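Student: Mind having a look at this structure? Questions to follow.
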Amino acid sequence: MASGKPAPRIDTSRPHPARIYDFLLGGKDNYPVDQAVAERLPVEARNGAAANRAFMRRGIAWTARAGIDQFLDVGTGIPTEPNLHQIAQDVDPTCRIVYVDNDPIVLRHAEALLVSRPEGRTAYVQADVLDPETILEQARETLDFGRPVALSLIALLHFVPDDRDPYGIVRTLLAPLAPGSCLILSHLSMDLLTPEQDRTEEYRTAGIDLRPRTHAEVLRFFDGLDLVEPGVVPCWHKGSPRPADADLPGAESAYAGVGFVR
């Protein structure tokens with residue numbers, strides 16, 4: 001493990017967003033406290049989680065086919081196959097991937113994330129998105145910042161409140177990346193959901209600060225980048241047909257996009 005620190009204790013008395021997400025995706029690495037929150041969520045939450053995971057697969061594959069062979073995945077979450085390195089290395093076996101998360105369960109499963117193709121490399125950093133400097137320092141041990149890197153922030157920043165400066169965090173993470181690098185991002189929004197479908201309060205009641213953002217607010221994360229068509233949209237896809245599940249209730253609960261560093 002890149003951090004060299006003892007694994008922090010897993011707190012099973014409080015729900016954790018990564019474990020709730022795991023439950024919504026049909027995973028087994030969650031606890032009753034996480035299940036209790038997830039079971040209060042409507043079917044739209046499950047569909048939204050599945051649609052977001054599908055975006056990750058499409059976005060990573062498209063980026064790898066575009067020629068990027070280094071990936072910095074912040075907010076990795078509990079491993080769910082296919083994982084990011086499997087998708088990228090299916091396109092280019094020499095891809096290098098650094099996974100970053102602050103959840104002790106992800107640390108426990110990091111060995112699964114480190115099974116790289118022999119031609120490539122994967123590494124795991126135990127760190128928090130609120131400490132981007134540490135992430136960059138440790139990622140440099142595996143990634144060459146003199147060449148393009150894809151920064152992946154999938155379904156993460158809606159857990160970063162405004163007073164923690166999410167836009168500044170993204171700027172810090174992008175700042176040292178070479179021209180030709182890119183940002184792959186998805187973010188929860190209530191723009192296209194009805195008030196009855198909005199379950200933000202379920203998270204807040206459980207002690208999880210959730211901050212959905214509007215299209216204009218999500219678009220701000222791409223300031224200064226060259227957006228890839230079709231821009232910041234629900235169910236982003238490029239070079240492939242519209243996703244078959246795009247019309248399911250809740251599938252359009254997040255905006256997603258890809259933007260390149262000039």
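Letters A, B, ... go to the chains of the structure tokens in the order shown; residues in each chain start at 1; ligands are counted from 1 in the same order.
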Give me every helix (DSSP H, G or I) residue in range 44-180 of chain A, going by DSSP on the backbone, as an MDAnalysis selection string.

Tutor: chainID A and resid 44:65 84:91 104:108 110:113 132:139 157:159 162:164 166:174

Student: Under the rule of at most 10 Å, produce a per-residue listing of range 143-196 of chain A near range 109-130 of chain A: chain, number, name, the closest pair of atoms, and the distance in Å, as a Markdown table, using only C-alpha atoms.

Tutor:
| residue | atom | partner | partner_atom | distance |
| --- | --- | --- | --- | --- |
| A:Leu143 | CA | A:Arg121 | CA | 9.4 |
| A:Leu153 | CA | A:Val129 | CA | 9.5 |
| A:Leu156 | CA | A:Val129 | CA | 8.7 |
| A:Leu157 | CA | A:Val129 | CA | 8.8 |
| A:Val160 | CA | A:Leu130 | CA | 8.1 |
| A:Arg164 | CA | A:Leu130 | CA | 7.4 |
| A:Asp165 | CA | A:Leu130 | CA | 8.8 |
| A:Pro166 | CA | A:Leu130 | CA | 8.3 |
| A:Gly168 | CA | A:Leu130 | CA | 10.0 |
| A:Ile169 | CA | A:Leu130 | CA | 7.0 |
| A:Val170 | CA | A:Val129 | CA | 9.2 |
| A:Leu173 | CA | A:Val129 | CA | 9.3 |

Student: List the spatial neighbours of range 9-15 of chain A as a list in words - criterion: any atom at most 7 Å away, only C-alpha atoms, same-chain residues fewer than 3 positions off excluded.

Tutor: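 Near range 9-15 of chain A, the qualifying residues are Tyr31, Val33, Asp34, Pro104, Ile105 and Ala206 of chain A.
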
Student: Go through A:Gly67, A:Pro249, A:Pro179, A:Pro42 and flag the residue nearest Val91 in chain A, using only C-alpha atoms for the distances.

Tutor: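 Among the listed residues, the smallest separation from Val91 in chain A belongs to A:Gly67.
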
Student: With distances taken over only C-alpha atoms, which residue among A:Leu25, A:Ala38, A:Ala18, A:Leu225 lies nearest Tyr203 in chain A?

Tutor: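 Among A:Leu25, A:Ala38, A:Ala18, A:Leu225, it is A:Ala38 that comes nearest to Tyr203 in chain A.
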
Student: May I ask which of the residues A:Ala36, A:Val261, A:Cys235, A:Leu188 is the closest one to Leu174 in chain A, counting only C-alpha atoms?

Tutor: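 Looking only at the distances to Leu174 in chain A, the closest residue turns out to be A:Val261.
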
Student: Which one is closest to Ser189 in chain A: A:Glu202, A:Asp245, A:Glu252, A:Asp226? Count only C-alpha atoms.

Tutor: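 The answer is A:Glu252, which sits nearest to Ser189 in chain A.
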
Student: For Leu192 in chain A, please output as a list in words all residues within 9 Å (counting only C-alpha atoms; exclusion window: fewer than 6 positions along the same chain).

Tutor: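 Returned residues: Gly250, Glu252, Ser253 and Ala254 of chain A.
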
Student: If you keep N, CA and C atoms, can you produce a file of those selected residues as a PDB file, in the first residue's frame?

Tutor:
ATOM      1  N   GLY A 250     -34.621   7.672 -12.953  1.00  0.00           N
ATOM      2  CA  GLY A 250     -33.441   7.913 -12.154  1.00  0.00           C
ATOM      3  C   GLY A 250     -32.138   7.840 -12.925  1.00  0.00           C
ATOM      4  N   GLU A 252     -31.197   9.597 -15.264  1.00  0.00           N
ATOM      5  CA  GLU A 252     -30.725  10.943 -15.560  1.00  0.00           C
ATOM      6  C   GLU A 252     -30.582  11.775 -14.289  1.00  0.00           C
ATOM      7  N   SER A 253     -30.184  11.132 -13.213  1.00  0.00           N
ATOM      8  CA  SER A 253     -30.018  11.827 -11.936  1.00  0.00           C
ATOM      9  C   SER A 253     -28.630  12.415 -11.767  1.00  0.00           C
ATOM     10  N   ALA A 254     -27.781  12.272 -12.769  1.00  0.00           N
ATOM     11  CA  ALA A 254     -26.427  12.829 -12.691  1.00  0.00           C
ATOM     12  C   ALA A 254     -26.030  13.414 -14.035  1.00  0.00           C
TER      13      ALA A 254
END

Student: Given the choices A:Gln138, A:Asn47, A:Asn102, A:Thr63, which gets closest to Leu84 in chain A if the distance is worked out from only C-alpha atoms?

Tutor: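 Result for the nearest residue to Leu84 in chain A: A:Thr63.
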
Student: With a distance cut-off of 12 Å and only C-alpha atoms, select the neighbouring residues of Arg262 in chain A, excluding the residue or stretch itself and same-chain residues fewer than 6 positions from it, and output the selection as an NGL selection string.

Tutor: :A and (148 or 174-175 or 177-183 or 222-227)

Student: With only C-alpha atoms as the atoms that count, which of A:Pro230, A:Pro132, A:Pro212, A:Gly75 lies nearest to Arg171 in chain A?

Tutor: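 Under the stated criterion, the closest residue is A:Pro132.
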
Student: For Ile68 in chain A, work out the shell of residues within 10 Å, counting only C-alpha atoms and skipping chain neighbours fewer than 6 positions away, then give it as a ChimeraX atom specification.

Tutor: /A:60-62,88,92,95-96,147-150,180-182

Student: With all heavy atoms retained, export the selected residues as a JSON list (two decimals), in the first residue's frame.

Tutor:
[["chain", "number", "residue", "atom", "x", "y", "z"],
["A", 60, "ILE", "N", -14.07, 5.72, -19.42],
["A", 60, "ILE", "CA", -12.70, 5.21, -19.32],
["A", 60, "ILE", "C", -12.29, 4.54, -20.62],
["A", 60, "ILE", "O", -11.18, 4.76, -21.13],
["A", 60, "ILE", "CB", -12.56, 4.24, -18.13],
["A", 60, "ILE", "CG1", -12.81, 4.98, -16.80],
["A", 60, "ILE", "CG2", -11.19, 3.57, -18.14],
["A", 60, "ILE", "CD1", -11.91, 6.14, -16.52],
["A", 61, "ALA", "N", -13.16, 3.72, -21.18],
["A", 61, "ALA", "CA", -12.83, 3.03, -22.43],
["A", 61, "ALA", "C", -12.59, 4.04, -23.55],
["A", 61, "ALA", "O", -11.63, 3.91, -24.34],
["A", 61, "ALA", "CB", -13.93, 2.05, -22.80],
["A", 62, "TRP", "N", -13.46, 5.05, -23.64],
["A", 62, "TRP", "CA", -13.30, 6.04, -24.71],
["A", 62, "TRP", "C", -11.99, 6.80, -24.54],
["A", 62, "TRP", "O", -11.27, 7.05, -25.51],
["A", 62, "TRP", "CB", -14.48, 7.03, -24.71],
["A", 62, "TRP", "CG", -14.39, 8.00, -25.84],
["A", 62, "TRP", "CD1", -14.85, 7.84, -27.11],
["A", 62, "TRP", "CD2", -13.74, 9.29, -25.80],
["A", 62, "TRP", "NE1", -14.55, 8.94, -27.87],
["A", 62, "TRP", "CE2", -13.87, 9.85, -27.10],
["A", 62, "TRP", "CE3", -13.08, 10.02, -24.81],
["A", 62, "TRP", "CZ2", -13.35, 11.11, -27.41],
["A", 62, "TRP", "CZ3", -12.57, 11.26, -25.12],
["A", 62, "TRP", "CH2", -12.70, 11.80, -26.40],
["A", 88, "ALA", "N", -9.47, -0.06, -18.75],
["A", 88, "ALA", "CA", -8.39, 0.64, -19.45],
["A", 88, "ALA", "C", -7.39, -0.33, -20.05],
["A", 88, "ALA", "O", -6.95, -0.16, -21.20],
["A", 88, "ALA", "CB", -7.69, 1.60, -18.49],
["A", 92, "ASP", "N", -5.56, -0.91, -23.64],
["A", 92, "ASP", "CA", -4.10, -0.79, -23.72],
["A", 92, "ASP", "C", -3.50, -1.44, -22.48],
["A", 92, "ASP", "O", -3.57, -0.89, -21.38],
["A", 92, "ASP", "CB", -3.69, 0.69, -23.79],
["A", 92, "ASP", "CG", -2.18, 0.88, -23.87],
["A", 92, "ASP", "OD1", -1.44, -0.12, -23.75],
["A", 92, "ASP", "OD2", -1.74, 2.03, -24.02],
["A", 95, "CYS", "N", -1.44, 0.45, -19.62],
["A", 95, "CYS", "CA", -2.00, 1.54, -18.80],
["A", 95, "CYS", "C", -1.55, 1.44, -17.35],
["A", 95, "CYS", "O", -1.45, 0.35, -16.79],
["A", 95, "CYS", "CB", -3.52, 1.54, -18.87],
["A", 95, "CYS", "SG", -4.20, 2.19, -20.41],
["A", 96, "ARG", "N", -1.32, 2.62, -16.76],
["A", 96, "ARG", "CA", -1.00, 2.73, -15.34],
["A", 96, "ARG", "C", -2.18, 3.41, -14.63],
["A", 96, "ARG", "O", -2.70, 4.41, -15.12],
["A", 96, "ARG", "CB", 0.27, 3.54, -15.13],
["A", 96, "ARG", "CG", 1.51, 2.83, -15.63],
["A", 96, "ARG", "CD", 2.77, 3.57, -15.22],
["A", 96, "ARG", "NE", 3.95, 2.74, -15.42],
["A", 96, "ARG", "CZ", 5.07, 2.83, -14.72],
["A", 96, "ARG", "NH1", 5.16, 3.74, -13.76],
["A", 96, "ARG", "NH2", 6.09, 2.03, -14.97],
["A", 147, "ARG", "N", 3.38, 13.46, -18.88],
["A", 147, "ARG", "CA", 2.55, 12.94, -19.98],
["A", 147, "ARG", "C", 1.08, 13.01, -19.56],
["A", 147, "ARG", "O", 0.77, 13.11, -18.38],
["A", 147, "ARG", "CB", 2.94, 11.50, -20.30],
["A", 147, "ARG", "CG", 4.37, 11.32, -20.76],
["A", 147, "ARG", "CD", 4.59, 9.93, -21.36],
["A", 147, "ARG", "NE", 4.28, 8.85, -20.42],
["A", 147, "ARG", "CZ", 3.24, 8.05, -20.52],
["A", 147, "ARG", "NH1", 2.35, 8.21, -21.49],
["A", 147, "ARG", "NH2", 3.04, 7.10, -19.62],
["A", 148, "PRO", "N", 0.15, 12.92, -20.52],
["A", 148, "PRO", "CA", -1.27, 13.05, -20.17],
["A", 148, "PRO", "C", -1.75, 12.02, -19.16],
["A", 148, "PRO", "O", -1.35, 10.85, -19.18],
["A", 148, "PRO", "CB", -1.97, 12.87, -21.53],
["A", 148, "PRO", "CG", -0.97, 13.34, -22.53],
["A", 148, "PRO", "CD", 0.36, 12.89, -21.98],
["A", 149, "VAL", "N", -2.61, 12.50, -18.26],
["A", 149, "VAL", "CA", -3.25, 11.67, -17.23],
["A", 149, "VAL", "C", -4.75, 11.95, -17.27],
["A", 149, "VAL", "O", -5.17, 13.10, -17.42],
["A", 149, "VAL", "CB", -2.71, 12.02, -15.82],
["A", 149, "VAL", "CG1", -3.48, 11.28, -14.73],
["A", 149, "VAL", "CG2", -1.21, 11.73, -15.73],
["A", 150, "ALA", "N", -5.55, 10.92, -17.14],
["A", 150, "ALA", "CA", -7.00, 11.09, -17.00],
["A", 150, "ALA", "C", -7.33, 11.11, -15.51],
["A", 150, "ALA", "O", -7.06, 10.15, -14.79],
["A", 150, "ALA", "CB", -7.75, 9.96, -17.69],
["A", 180, "GLY", "N", -3.24, 17.77, -22.75],
["A", 180, "GLY", "CA", -3.72, 16.50, -23.28],
["A", 180, "GLY", "C", -4.29, 15.59, -22.21],
["A", 180, "GLY", "O", -4.88, 14.55, -22.52],
["A", 181, "SER", "N", -4.10, 15.98, -20.93],
["A", 181, "SER", "CA", -4.77, 15.27, -19.83],
["A", 181, "SER", "C", -6.26, 15.57, -19.88],
["A", 181, "SER", "O", -6.71, 16.46, -20.61],
["A", 181, "SER", "CB", -4.18, 15.70, -18.49],
["A", 181, "SER", "OG", -2.82, 15.36, -18.38],
["A", 182, "CYS", "N", -7.04, 14.83, -19.11],
["A", 182, "CYS", "CA", -8.48, 15.09, -19.14],
["A", 182, "CYS", "C", -9.12, 14.84, -17.78],
["A", 182, "CYS", "O", -8.55, 14.17, -16.91],
["A", 182, "CYS", "CB", -9.17, 14.26, -20.22],
["A", 182, "CYS", "SG", -9.32, 12.51, -19.84]]

Student: Quote the spacing between CA of Phe71 in chain A and CA of Arg58 in chain A in Å to one decimal place.

Tutor: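 Spanning CA of Phe71 in chain A to CA of Arg58 in chain A is a straight-line distance of 14.3 Å.
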
Student: Show which residues sit within 9 Å of Val228 in chain A, as a PyMOL selection string. Count only C-alpha atoms, and ignore same-chain residues fewer than 5 positions away.

Tutor: chain A and resi 238+257-260

Student: Keeping only N, CA, C and O atoms, write the selected residues to a file as an mmCIF file, in the first residue's frame.

Tutor:
data_model
loop_
_atom_site.group_PDB
_atom_site.id
_atom_site.type_symbol
_atom_site.label_atom_id
_atom_site.label_comp_id
_atom_site.auth_asym_id
_atom_site.auth_seq_id
_atom_site.Cartn_x
_atom_site.Cartn_y
_atom_site.Cartn_z
ATOM 1 N N LYS A 238 -20.115 8.619 -26.108
ATOM 2 C CA LYS A 238 -19.367 9.129 -27.253
ATOM 3 C C LYS A 238 -18.904 7.944 -28.085
ATOM 4 O O LYS A 238 -18.282 7.020 -27.571
ATOM 5 N N GLY A 257 -19.407 14.287 -17.926
ATOM 6 C CA GLY A 257 -18.704 14.852 -19.063
ATOM 7 C C GLY A 257 -17.232 14.504 -19.028
ATOM 8 O O GLY A 257 -16.701 13.987 -18.039
ATOM 9 N N VAL A 258 -16.573 14.821 -20.135
ATOM 10 C CA VAL A 258 -15.135 14.641 -20.287
ATOM 11 C C VAL A 258 -14.585 15.927 -20.867
ATOM 12 O O VAL A 258 -15.128 16.472 -21.850
ATOM 13 N N GLY A 259 -13.522 16.466 -20.268
ATOM 14 C CA GLY A 259 -12.897 17.684 -20.768
ATOM 15 C C GLY A 259 -11.388 17.552 -20.770
ATOM 16 O O GLY A 259 -10.802 16.973 -19.845
ATOM 17 N N PHE A 260 -10.738 18.106 -21.806
ATOM 18 C CA PHE A 260 -9.295 17.981 -21.964
ATOM 19 C C PHE A 260 -8.557 19.241 -21.547
ATOM 20 O O PHE A 260 -9.028 20.371 -21.778
#
